[in-house]
Structure formats: structure tokens, C-alpha cells
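Raw contents of model01.cif, mmCIF, C-alpha atoms:
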```
data_start
#
loop_
_atom_site.label_atom_id
_atom_site.label_comp_id
_atom_site.auth_asym_id
_atom_site.auth_seq_id
_atom_site.Cartn_x
_atom_site.Cartn_y
_atom_site.Cartn_z
CA ALA A 1 -3.64 1.03 9.66
CA GLN A 2 -6.86 0.74 7.73
CA SER A 3 -7.63 -2.29 5.56
CA VAL A 4 -10.45 -3.84 3.54
CA THR A 5 -11.47 -7.44 3.02
CA GLN A 6 -13.44 -8.52 -0.02
CA LEU A 7 -14.12 -12.24 -0.21
CA GLY A 8 -14.71 -14.22 -3.37
CA SER A 9 -12.65 -12.82 -6.21
CA HIS A 10 -15.19 -13.90 -8.86
CA VAL A 11 -18.93 -13.44 -8.45
CA SER A 12 -21.43 -14.80 -10.98
CA VAL A 13 -24.95 -13.43 -11.04
CA SER A 14 -27.85 -14.03 -13.40
CA GLU A 15 -29.24 -11.09 -15.31
CA GLY A 16 -32.10 -9.64 -13.28
CA ALA A 17 -30.93 -11.18 -10.01
CA LEU A 18 -29.64 -9.41 -6.90
CA VAL A 19 -26.04 -8.29 -6.90
CA LEU A 20 -24.40 -8.50 -3.45
CA LEU A 21 -20.72 -7.72 -2.93
CA ARG A 22 -19.36 -7.90 0.60
CA CYS A 23 -16.86 -5.53 2.12
CA ASN A 24 -15.51 -5.54 5.66
CA TYR A 25 -13.14 -2.89 6.86
CA SER A 26 -10.71 -2.29 9.66
CA SER A 27 -9.97 1.23 10.83
CA SER A 28 -8.76 2.81 14.04
CA VAL A 29 -10.93 5.90 13.52
CA PRO A 30 -14.39 6.44 12.01
CA PRO A 31 -13.80 5.53 8.38
CA TYR A 32 -14.73 6.96 5.05
CA LEU A 33 -15.75 4.17 2.68
CA PHE A 34 -15.93 3.98 -1.08
CA TRP A 35 -16.94 1.60 -3.84
CA TYR A 36 -15.27 1.95 -7.22
CA VAL A 37 -15.93 0.08 -10.47
CA GLN A 38 -13.29 -0.70 -13.08
CA TYR A 39 -14.12 -1.69 -16.63
CA PRO A 40 -11.48 -3.42 -18.77
CA ASN A 41 -8.53 -1.20 -19.66
CA GLN A 42 -10.03 1.76 -17.84
CA GLY A 43 -9.38 3.58 -14.61
CA LEU A 44 -11.58 3.41 -11.53
CA GLN A 45 -14.96 5.13 -11.48
CA LEU A 46 -16.59 6.12 -8.21
CA LEU A 47 -19.87 4.31 -7.57
CA LEU A 48 -20.68 5.73 -4.15
CA LYS A 49 -19.14 6.89 -0.88
CA TYR A 50 -19.92 6.99 2.83
CA THR A 51 -18.66 10.03 4.74
CA SER A 52 -20.48 9.77 8.11
CA ALA A 53 -23.83 11.10 6.99
CA ALA A 54 -26.67 8.69 6.12
CA THR A 55 -25.76 5.04 6.64
CA LEU A 56 -27.60 3.97 3.48
CA VAL A 57 -25.81 5.44 0.52
CA LYS A 58 -27.18 5.50 -3.01
CA GLY A 59 -24.81 5.63 -5.96
CA ILE A 60 -24.82 5.57 -9.71
CA ASN A 61 -26.27 2.84 -11.94
CA GLY A 62 -28.75 1.68 -9.28
CA PHE A 63 -26.17 0.59 -6.71
CA GLU A 64 -26.41 1.26 -3.01
CA ALA A 65 -24.45 0.33 0.09
CA GLU A 66 -25.18 0.30 3.80
CA PHE A 67 -22.65 1.21 6.48
CA LYS A 68 -22.98 -1.02 9.56
CA LYS A 69 -20.58 0.01 12.28
CA SER A 70 -21.40 -2.95 14.52
CA GLU A 71 -20.45 -5.34 11.72
CA THR A 72 -17.64 -3.17 10.29
CA SER A 73 -19.25 -3.72 6.91
CA PHE A 74 -20.13 -1.73 3.81
CA HIS A 75 -21.77 -4.23 1.46
CA LEU A 76 -22.75 -3.18 -2.06
CA THR A 77 -26.09 -4.20 -3.58
CA LYS A 78 -28.14 -3.76 -6.72
CA PRO A 79 -31.62 -5.26 -6.91
CA SER A 80 -31.46 -6.37 -10.54
CA ALA A 81 -28.24 -7.12 -12.42
CA HIS A 82 -27.76 -5.87 -15.95
CA MET A 83 -25.28 -7.15 -18.50
CA SER A 84 -23.49 -3.79 -18.33
CA ASP A 85 -22.69 -4.42 -14.65
CA ALA A 86 -20.00 -6.92 -15.64
CA ALA A 87 -16.82 -5.32 -14.30
CA GLU A 88 -14.45 -5.39 -11.35
CA TYR A 89 -15.58 -3.75 -8.13
CA PHE A 90 -13.31 -2.43 -5.40
CA CYS A 91 -14.13 -1.39 -1.88
CA ALA A 92 -11.79 1.16 -0.30
CA VAL A 93 -11.34 2.85 3.07
CA SER A 94 -9.80 6.15 4.05
CA GLU A 95 -9.26 7.61 7.48
CA GLY A 96 -9.71 11.16 6.18
CA TYR A 97 -8.70 14.27 8.12
CA GLY A 98 -5.38 14.61 6.35
CA ASN A 99 -4.88 10.89 5.86
CA ASN A 100 -6.73 10.50 2.59
CA ARG A 101 -4.83 7.65 1.02
CA LEU A 102 -7.16 4.86 0.02
CA ALA A 103 -6.64 1.27 1.08
CA PHE A 104 -8.35 -1.05 -1.41
CA GLY A 105 -9.63 -4.59 -1.18
CA LYS A 106 -8.58 -7.17 -3.76
CA GLY A 107 -11.74 -6.63 -5.77
CA ASN A 108 -14.64 -8.72 -7.04
CA GLN A 109 -14.87 -9.64 -10.72
CA VAL A 110 -18.59 -9.70 -11.50
CA VAL A 111 -19.83 -11.89 -14.34
CA VAL A 112 -23.44 -11.48 -15.45
CA ILE A 113 -25.03 -14.57 -16.94
CA PRO A 114 -27.77 -13.96 -19.52
CA ASP B 1 -14.63 19.30 -17.59
CA THR B 2 -11.89 16.93 -18.68
CA GLY B 3 -10.97 14.10 -16.40
CA VAL B 4 -7.59 12.88 -15.24
CA SER B 5 -5.34 11.97 -18.13
CA GLN B 6 -2.24 9.78 -18.13
CA ASN B 7 0.45 9.26 -20.72
CA PRO B 8 1.54 6.97 -22.13
CA ARG B 9 -1.26 4.43 -21.80
CA HIS B 10 1.13 1.56 -22.39
CA LYS B 11 4.88 1.25 -21.98
CA ILE B 12 7.05 -1.73 -22.76
CA THR B 13 10.65 -1.51 -21.66
CA LYS B 14 13.64 -3.72 -21.07
CA ARG B 15 14.91 -4.46 -17.61
CA GLY B 16 17.36 -1.84 -16.44
CA GLN B 17 15.90 1.02 -18.47
CA ASN B 18 14.38 4.16 -16.97
CA VAL B 19 10.77 5.11 -17.62
CA THR B 20 8.72 8.22 -16.89
CA PHE B 21 4.95 8.55 -16.73
CA ARG B 22 2.90 11.71 -16.76
CA CYS B 23 -0.38 12.53 -15.05
CA ASP B 24 -2.53 15.59 -15.74
CA PRO B 25 -5.11 16.06 -12.98
CA ILE B 26 -8.50 17.70 -13.16
CA SER B 27 -7.84 21.44 -13.22
CA GLU B 28 -8.07 23.15 -9.84
CA HIS B 29 -7.58 19.87 -7.98
CA ASN B 30 -4.96 20.49 -5.33
CA ARG B 31 -4.20 16.86 -4.49
CA LEU B 32 -2.66 14.25 -6.72
CA TYR B 33 -2.14 10.58 -5.87
CA TRP B 34 -0.20 7.71 -7.42
CA TYR B 35 -1.20 4.07 -6.99
CA ARG B 36 0.11 0.81 -8.39
CA GLN B 37 -2.13 -2.10 -9.35
CA THR B 38 -0.83 -5.57 -10.10
CA LEU B 39 -2.83 -8.34 -11.71
CA GLY B 40 -5.60 -9.63 -9.48
CA GLN B 41 -5.03 -7.04 -6.78
CA GLY B 42 -6.53 -3.76 -5.77
CA PRO B 43 -4.56 -0.55 -6.21
CA GLU B 44 -1.84 0.14 -3.63
CA PHE B 45 -0.97 3.65 -2.52
CA LEU B 46 2.44 4.96 -3.55
CA THR B 47 2.55 8.68 -2.84
CA TYR B 48 0.57 11.90 -2.88
CA PHE B 49 1.01 15.63 -3.34
CA GLN B 50 -0.80 18.63 -2.07
CA ASN B 51 -0.06 21.30 -4.63
CA GLU B 52 3.67 20.90 -5.28
CA ALA B 53 4.53 19.37 -1.90
CA GLN B 54 4.98 15.61 -1.64
CA LEU B 55 3.33 14.86 1.68
CA GLU B 56 3.55 11.09 1.99
CA LYS B 57 5.40 8.18 0.43
CA SER B 58 4.58 4.52 0.89
CA ARG B 59 7.24 2.00 1.87
CA LEU B 60 6.43 0.44 -1.52
CA LEU B 61 8.18 3.37 -3.14
CA SER B 62 11.77 2.21 -3.29
CA ASP B 63 14.71 4.50 -3.99
CA ARG B 64 14.35 3.72 -7.68
CA PHE B 65 11.02 5.54 -7.75
CA SER B 66 10.69 9.31 -7.74
CA ALA B 67 7.68 11.53 -8.24
CA GLU B 68 7.40 15.24 -8.81
CA ARG B 69 4.72 17.83 -9.20
CA PRO B 70 6.82 20.89 -9.94
CA LYS B 71 4.18 23.57 -10.39
CA GLY B 72 1.32 21.96 -8.56
CA SER B 73 -0.31 20.90 -11.79
CA PHE B 74 0.85 17.81 -13.71
CA SER B 75 2.97 15.15 -12.07
CA THR B 76 5.61 12.71 -13.27
CA LEU B 77 6.54 9.32 -11.86
CA GLU B 78 9.96 8.01 -12.81
CA ILE B 79 11.24 4.50 -12.29
CA GLN B 80 14.98 4.00 -12.65
CA ARG B 81 16.64 0.69 -13.48
CA THR B 82 13.34 -1.06 -14.00
CA GLU B 83 12.86 -4.63 -12.79
CA GLN B 84 10.36 -7.24 -13.91
CA GLY B 85 8.56 -6.82 -10.61
CA ASP B 86 7.75 -3.24 -11.60
CA SER B 87 5.34 -4.51 -14.26
CA ALA B 88 1.94 -3.18 -13.22
CA MET B 89 -0.73 -0.60 -13.94
CA TYR B 90 0.20 2.81 -12.53
CA LEU B 91 -2.84 4.85 -11.65
CA CYS B 92 -3.07 8.54 -10.97
CA ALA B 93 -5.93 10.22 -9.13
CA SER B 94 -6.71 13.80 -8.24
CA SER B 95 -9.00 15.48 -5.75
CA LEU B 96 -10.03 18.84 -4.38
CA ASN B 97 -9.34 18.84 -0.68
CA ARG B 98 -10.93 21.52 1.48
CA GLY B 99 -10.32 19.74 4.78
CA GLY B 100 -11.87 16.49 5.88
CA THR B 101 -11.96 13.75 3.31
CA ASP B 102 -11.90 14.14 -0.45
CA THR B 103 -13.12 12.11 -3.39
CA GLN B 104 -10.41 10.85 -5.68
CA TYR B 105 -10.99 10.71 -9.43
CA PHE B 106 -8.84 8.26 -11.31
CA GLY B 107 -7.19 8.38 -14.69
CA PRO B 108 -7.10 5.43 -17.12
CA GLY B 109 -3.67 4.33 -15.96
CA THR B 110 -0.34 3.54 -17.58
CA ARG B 111 0.35 -0.15 -18.06
CA LEU B 112 4.06 -0.92 -17.70
CA THR B 113 5.55 -4.16 -18.96
CA VAL B 114 9.19 -4.83 -18.12
CA LEU B 115 10.79 -7.55 -20.28
#
```

What do you get writing this file as C-alpha cells?
Amino acid sequence: AQSVTQLGSHVSVSEGALVLLRCNYSSSVPPYLFWYVQYPNQGLQLLLKYTSAATLVKGINGFEAEFKKSETSFHLTKPSAHMSDAAEYFCAVSEGYGNNRLAFGKGNQVVVIP
Amino acid sequence: DTGVSQNPRHKITKRGQNVTFRCDPISEHNRLYWYRQTLGQGPEFLTYFQNEAQLEKSRLLSDRFSAERPKGSFSTLEIQRTEQGDSAMYLCASSLNRGGTDTQYFGPGTRLTVL
């Protein structure tokens, strides 16, 4: 079964600094990978997704992620943090091809320090 | 284009009562998913529908839980004889699946508190 590991439940970053959120996955087949963001009292919003095309994926709000098969990783980055980036971020994996249920990591709560 | 909507947004109930939640997906989306999210955790898959057919149920979905999507549009999730452990955020997502993988769009969730 597929699974995702996100380490470090809380991540603090200074405004203007690099945001780096790590995601490692486990899947028995080539995976589909997603990053979602959740603001307080809201549902999940898709940031970006990897579906076996380009390994470097660009998403909304200046975020991007790189799929590295050899490292089974899909880390999320943003060059310069903004106060509005404060939210919870979830990495998720799907095996696709009829098995589209998402398996989520535990999430990273990002705090942006002015 | 309206997004996924869920009602109610909040529900407080006493242990042993039954509750029902509703999800209205994005129109024309043929798949509908239910997830449960507890505090400090990521969402966990419960079940999903393709049109009106329920294709998969998680082992998390005990006999007290039932979901329907009678006409392939909106869906309901019912919990019978609620327990305190059922307290969580229940999330609904929908997608348009044309084969391969699909992108799921989430609603705002229904927060259930069982006293």
C-alpha cells in the first residue's frame, strides 16, 4: 500500500527565506504525487501535482516540487516565504489507474516569522 | 464554476445519536470521495463513488457508517450511534475521471463534535 512520510510537524521560516517541506513516499507502482495546502477552517487546496511528466513541477503561489525516484522524494520549495504562506501543507500519493484514493502524510504546519 | 460544498459546516451531537452529512460535488464530476481528518493528522480515505456506484470502502468505515450517492450527484454520509471517537473533520472531494489518475477538489469539510 502507498504511504507518505512528512517529518517535522511544525516548520518555522522567516519572511523572505526559503521554504522547504520534505516528503518521502512509498508505492509499489509509479506514483502520482500531490501537495495540498489547508488554511484554518477550510478544505484542502491543490498546490501542485506530479503525474509522470516533467520531474520539476510548478504550482500556484510560487511553489514548486521535484520528483526524485532514486530518493523516493517529492519535496516542496518556495524561494521566498510570504506571510500568507502560513498554513498546513500535506503531501499525498495515489497509485492511479483505478486506485485513486489519496494517502496523506501527517502534514507540516508552517509558521512565517516577520 | 462553484466548488464542492458540504453541509452542515459544524455539527455537535450527543453520543449515541445519528448524524448525516451532505456533499455536493462540482457538477459533471463523476467521482466523489469521503475522507476523515482528526486533529494533527492528514486526511484518511473512507470511501469513494463513481457515479452512483460505491467502488471502495476503507476498513476505517465501520458498520455504523454508511454512504450513498443515489443519483450520481450529491452524496450523504451517515454515522449511526455516534461515539466520541467519531469526532473529526469529514471532508468530501470530487473529481472528473477519464481513466488514469484524477485531481481531487475538496470541500470545506463538516466538523463533527460528539459529546

Subject >> From B:Thr101, B:Asn18, B:Thr82, B:Asn7, residue lying nearest chain A [all atoms listed in the file] >> reply: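 With all atoms listed in the file as the atom set, the closest residue is B:Thr101.
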
Subject >> Selection: 6 Å around Ser75 (chain B), only C-alpha atoms, excl. self and same-chain fewer than 5 positions, as a ChimeraX atom specification >> reply: /B:22-23,68-69

Export C-alpha atoms of the chosen residues as a tab-separated table (two decimals), in the coordinates of the input?
```
chain	number	residue	atom	x	y	z
B	22	ARG	CA	2.90	11.71	-16.76
B	23	CYS	CA	-0.38	12.53	-15.05
B	68	GLU	CA	7.40	15.24	-8.81
B	69	ARG	CA	4.72	17.83	-9.20
```

Subject >> Residues returned when the PyMOL selection byres ((chain B) within 12 of (chain A)) runs on this file, as a ChimeraX atom specification >> reply: /B:3-6,9-10,31-50,55-58,89-111

Please expand the PyMOL selection byres ((chain A and resi 18-26) around 9) into the concrete residues it hits in this file, giving the result as a compact mmCIF listing (two decimals) with C-alpha atoms, in the coordinates of the input.
```txt
# COMPACT_ATOMS: atom_id res chain seq x y z
CA ALA A 1 -3.64 1.03 9.66
CA GLN A 2 -6.86 0.74 7.73
CA SER A 3 -7.63 -2.29 5.56
CA VAL A 4 -10.45 -3.84 3.54
CA THR A 5 -11.47 -7.44 3.02
CA GLN A 6 -13.44 -8.52 -0.02
CA LEU A 7 -14.12 -12.24 -0.21
CA GLY A 8 -14.71 -14.22 -3.37
CA VAL A 11 -18.93 -13.44 -8.45
CA SER A 12 -21.43 -14.80 -10.98
CA VAL A 13 -24.95 -13.43 -11.04
CA SER A 14 -27.85 -14.03 -13.40
CA GLU A 15 -29.24 -11.09 -15.31
CA GLY A 16 -32.10 -9.64 -13.28
CA ALA A 17 -30.93 -11.18 -10.01
CA SER A 27 -9.97 1.23 10.83
CA SER A 28 -8.76 2.81 14.04
CA PRO A 31 -13.80 5.53 8.38
CA LEU A 33 -15.75 4.17 2.68
CA PHE A 63 -26.17 0.59 -6.71
CA GLU A 71 -20.45 -5.34 11.72
CA THR A 72 -17.64 -3.17 10.29
CA SER A 73 -19.25 -3.72 6.91
CA PHE A 74 -20.13 -1.73 3.81
CA HIS A 75 -21.77 -4.23 1.46
CA LEU A 76 -22.75 -3.18 -2.06
CA THR A 77 -26.09 -4.20 -3.58
CA LYS A 78 -28.14 -3.76 -6.72
CA PRO A 79 -31.62 -5.26 -6.91
CA SER A 80 -31.46 -6.37 -10.54
CA ALA A 81 -28.24 -7.12 -12.42
CA TYR A 89 -15.58 -3.75 -8.13
CA PHE A 90 -13.31 -2.43 -5.40
CA CYS A 91 -14.13 -1.39 -1.88
CA ALA A 92 -11.79 1.16 -0.30
CA VAL A 93 -11.34 2.85 3.07
CA GLY A 105 -9.63 -4.59 -1.18
CA ASN A 108 -14.64 -8.72 -7.04
CA VAL A 110 -18.59 -9.70 -11.50
```

Around region 30-40 of chain B, fit a box with edges along x, y and z, padding it by 8 Å on each side, then list its centre and edge lengths in Å to one decimal as AutoDock Vina command-line options.
```
--center_x -2.7 --center_y 5.4 --center_z -8.1 --size_x 21.7 --size_y 46.1 --size_z 23.2
```

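One distance worth recording is that between CA of Ala87 (chain A) and CA of Ser27 (chain B), which is 28.2 Å.
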
Original post:
Written as a PyMOL selection string, what is the full residue list that the PyMOL selection byres ((chain B and resi 73) around 8) yields on the file shown?
Top reply: chain B and resi 24-25+27+30+51-52+69-72+74-75

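Going from CA of Leu77 (chain B) to CA of Phe65 (chain B) covers 7.2 Å.
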
**OP:** Figure out the distance between CA of Val37 (chain A) and CA of Gly62 (chain A), please, to one decimal in Å.
**Re:**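 Taking CA of Gly62 (chain A) as the start and CA of Val37 (chain A) as the end point, the length is 13.0 Å.
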
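By chain and then residue number, the residues within 6 Å of Leu112 (chain B) are Lys11, Ile12, Ser87 and Ala88 of chain B, counting only C-alpha atoms and disregarding those fewer than 2 positions away in sequence.
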
Please write region 11-41 of chain B of the preceding block to a file containing N, CA and C atoms, as an mmCIF file, in the first residue's frame?
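Once everything was written out, this is decode.cif:
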```cif
data_model
loop_
_atom_site.group_PDB
_atom_site.id
_atom_site.type_symbol
_atom_site.label_atom_id
_atom_site.label_comp_id
_atom_site.auth_asym_id
_atom_site.auth_seq_id
_atom_site.Cartn_x
_atom_site.Cartn_y
_atom_site.Cartn_z
ATOM 1 N N LYS B 11 -21.263 20.303 13.335
ATOM 2 C CA LYS B 11 -22.334 19.516 13.936
ATOM 3 C C LYS B 11 -21.876 19.079 15.308
ATOM 4 N N ILE B 12 -22.679 19.399 16.303
ATOM 5 C CA ILE B 12 -22.420 18.934 17.658
ATOM 6 C C ILE B 12 -23.550 17.985 18.021
ATOM 7 N N THR B 13 -23.199 16.816 18.505
ATOM 8 C CA THR B 13 -24.213 15.835 18.830
ATOM 9 C C THR B 13 -23.826 15.100 20.111
ATOM 10 N N LYS B 14 -24.791 14.435 20.675
ATOM 11 C CA LYS B 14 -24.518 13.634 21.866
ATOM 12 C C LYS B 14 -24.226 12.206 21.459
ATOM 13 N N ARG B 15 -23.397 11.564 22.234
ATOM 14 C CA ARG B 15 -23.053 10.171 21.965
ATOM 15 C C ARG B 15 -24.313 9.322 21.838
ATOM 16 N N GLY B 16 -24.319 8.477 20.816
ATOM 17 C CA GLY B 16 -25.463 7.601 20.595
ATOM 18 C C GLY B 16 -26.452 8.110 19.564
ATOM 19 N N GLN B 17 -26.348 9.392 19.213
ATOM 20 C CA GLN B 17 -27.248 9.957 18.208
ATOM 21 C C GLN B 17 -26.738 9.638 16.804
ATOM 22 N N ASN B 18 -27.650 9.729 15.838
ATOM 23 C CA ASN B 18 -27.278 9.556 14.432
ATOM 24 C C ASN B 18 -27.072 10.926 13.798
ATOM 25 N N VAL B 19 -26.127 11.002 12.882
ATOM 26 C CA VAL B 19 -25.899 12.253 12.155
ATOM 27 C C VAL B 19 -25.760 11.951 10.671
ATOM 28 N N THR B 20 -26.107 12.932 9.852
ATOM 29 C CA THR B 20 -25.981 12.797 8.395
ATOM 30 C C THR B 20 -25.366 14.057 7.827
ATOM 31 N N PHE B 21 -24.391 13.871 6.968
ATOM 32 C CA PHE B 21 -23.722 14.980 6.295
ATOM 33 C C PHE B 21 -24.002 14.888 4.805
ATOM 34 N N ARG B 22 -23.986 16.072 4.169
ATOM 35 C CA ARG B 22 -24.240 16.109 2.737
ATOM 36 C C ARG B 22 -23.060 16.724 2.011
ATOM 37 N N CYS B 23 -22.786 16.214 0.832
ATOM 38 C CA CYS B 23 -21.734 16.763 -0.025
ATOM 39 C C CYS B 23 -22.311 16.976 -1.420
ATOM 40 N N ASP B 24 -22.120 18.175 -1.955
ATOM 41 C CA ASP B 24 -22.488 18.474 -3.341
ATOM 42 C C ASP B 24 -21.211 18.677 -4.134
ATOM 43 N N PRO B 25 -20.921 17.791 -5.077
ATOM 44 C CA PRO B 25 -19.662 17.888 -5.825
ATOM 45 C C PRO B 25 -19.727 18.959 -6.901
ATOM 46 N N ILE B 26 -18.607 19.180 -7.539
ATOM 47 C CA ILE B 26 -18.563 20.038 -8.715
ATOM 48 C C ILE B 26 -19.394 19.350 -9.802
ATOM 49 N N SER B 27 -20.239 20.112 -10.464
ATOM 50 C CA SER B 27 -21.128 19.494 -11.454
ATOM 51 C C SER B 27 -20.300 18.821 -12.550
ATOM 52 N N GLU B 28 -20.794 17.725 -13.017
ATOM 53 C CA GLU B 28 -20.161 16.892 -14.049
ATOM 54 C C GLU B 28 -19.006 16.040 -13.529
ATOM 55 N N HIS B 29 -18.625 16.188 -12.273
ATOM 56 C CA HIS B 29 -17.608 15.301 -11.716
ATOM 57 C C HIS B 29 -18.230 13.939 -11.452
ATOM 58 N N ASN B 30 -17.600 12.889 -11.961
ATOM 59 C CA ASN B 30 -18.195 11.569 -11.830
ATOM 60 C C ASN B 30 -17.727 10.822 -10.590
ATOM 61 N N ARG B 31 -16.647 11.301 -9.971
ATOM 62 C CA ARG B 31 -16.168 10.625 -8.758
ATOM 63 C C ARG B 31 -16.351 11.511 -7.544
ATOM 64 N N LEU B 32 -16.648 10.838 -6.430
ATOM 65 C CA LEU B 32 -16.842 11.554 -5.170
ATOM 66 C C LEU B 32 -16.196 10.739 -4.064
ATOM 67 N N TYR B 33 -15.411 11.406 -3.237
ATOM 68 C CA TYR B 33 -14.629 10.754 -2.187
ATOM 69 C C TYR B 33 -15.014 11.326 -0.823
ATOM 70 N N TRP B 34 -14.927 10.475 0.191
ATOM 71 C CA TRP B 34 -15.047 10.910 1.580
ATOM 72 C C TRP B 34 -13.753 10.566 2.310
ATOM 73 N N TYR B 35 -13.298 11.556 3.114
ATOM 74 C CA TYR B 35 -12.125 11.387 3.962
ATOM 75 C C TYR B 35 -12.469 11.860 5.371
ATOM 76 N N ARG B 36 -11.697 11.376 6.335
ATOM 77 C CA ARG B 36 -11.841 11.839 7.711
ATOM 78 C C ARG B 36 -10.489 12.366 8.181
ATOM 79 N N GLN B 37 -10.521 13.504 8.882
ATOM 80 C CA GLN B 37 -9.297 14.127 9.356
ATOM 81 C C GLN B 37 -9.425 14.413 10.842
ATOM 82 N N THR B 38 -8.574 13.803 11.623
ATOM 83 C CA THR B 38 -8.547 14.081 13.053
ATOM 84 C C THR B 38 -7.435 15.072 13.355
ATOM 85 N N LEU B 39 -7.496 15.653 14.539
ATOM 86 C CA LEU B 39 -6.577 16.726 14.899
ATOM 87 C C LEU B 39 -5.121 16.286 14.790
ATOM 88 N N GLY B 40 -4.333 17.050 14.056
ATOM 89 C CA GLY B 40 -2.911 16.759 13.944
ATOM 90 C C GLY B 40 -2.558 15.672 12.949
ATOM 91 N N GLN B 41 -3.539 15.217 12.203
ATOM 92 C CA GLN B 41 -3.307 14.154 11.226
ATOM 93 C C GLN B 41 -3.726 14.606 9.829
#
```
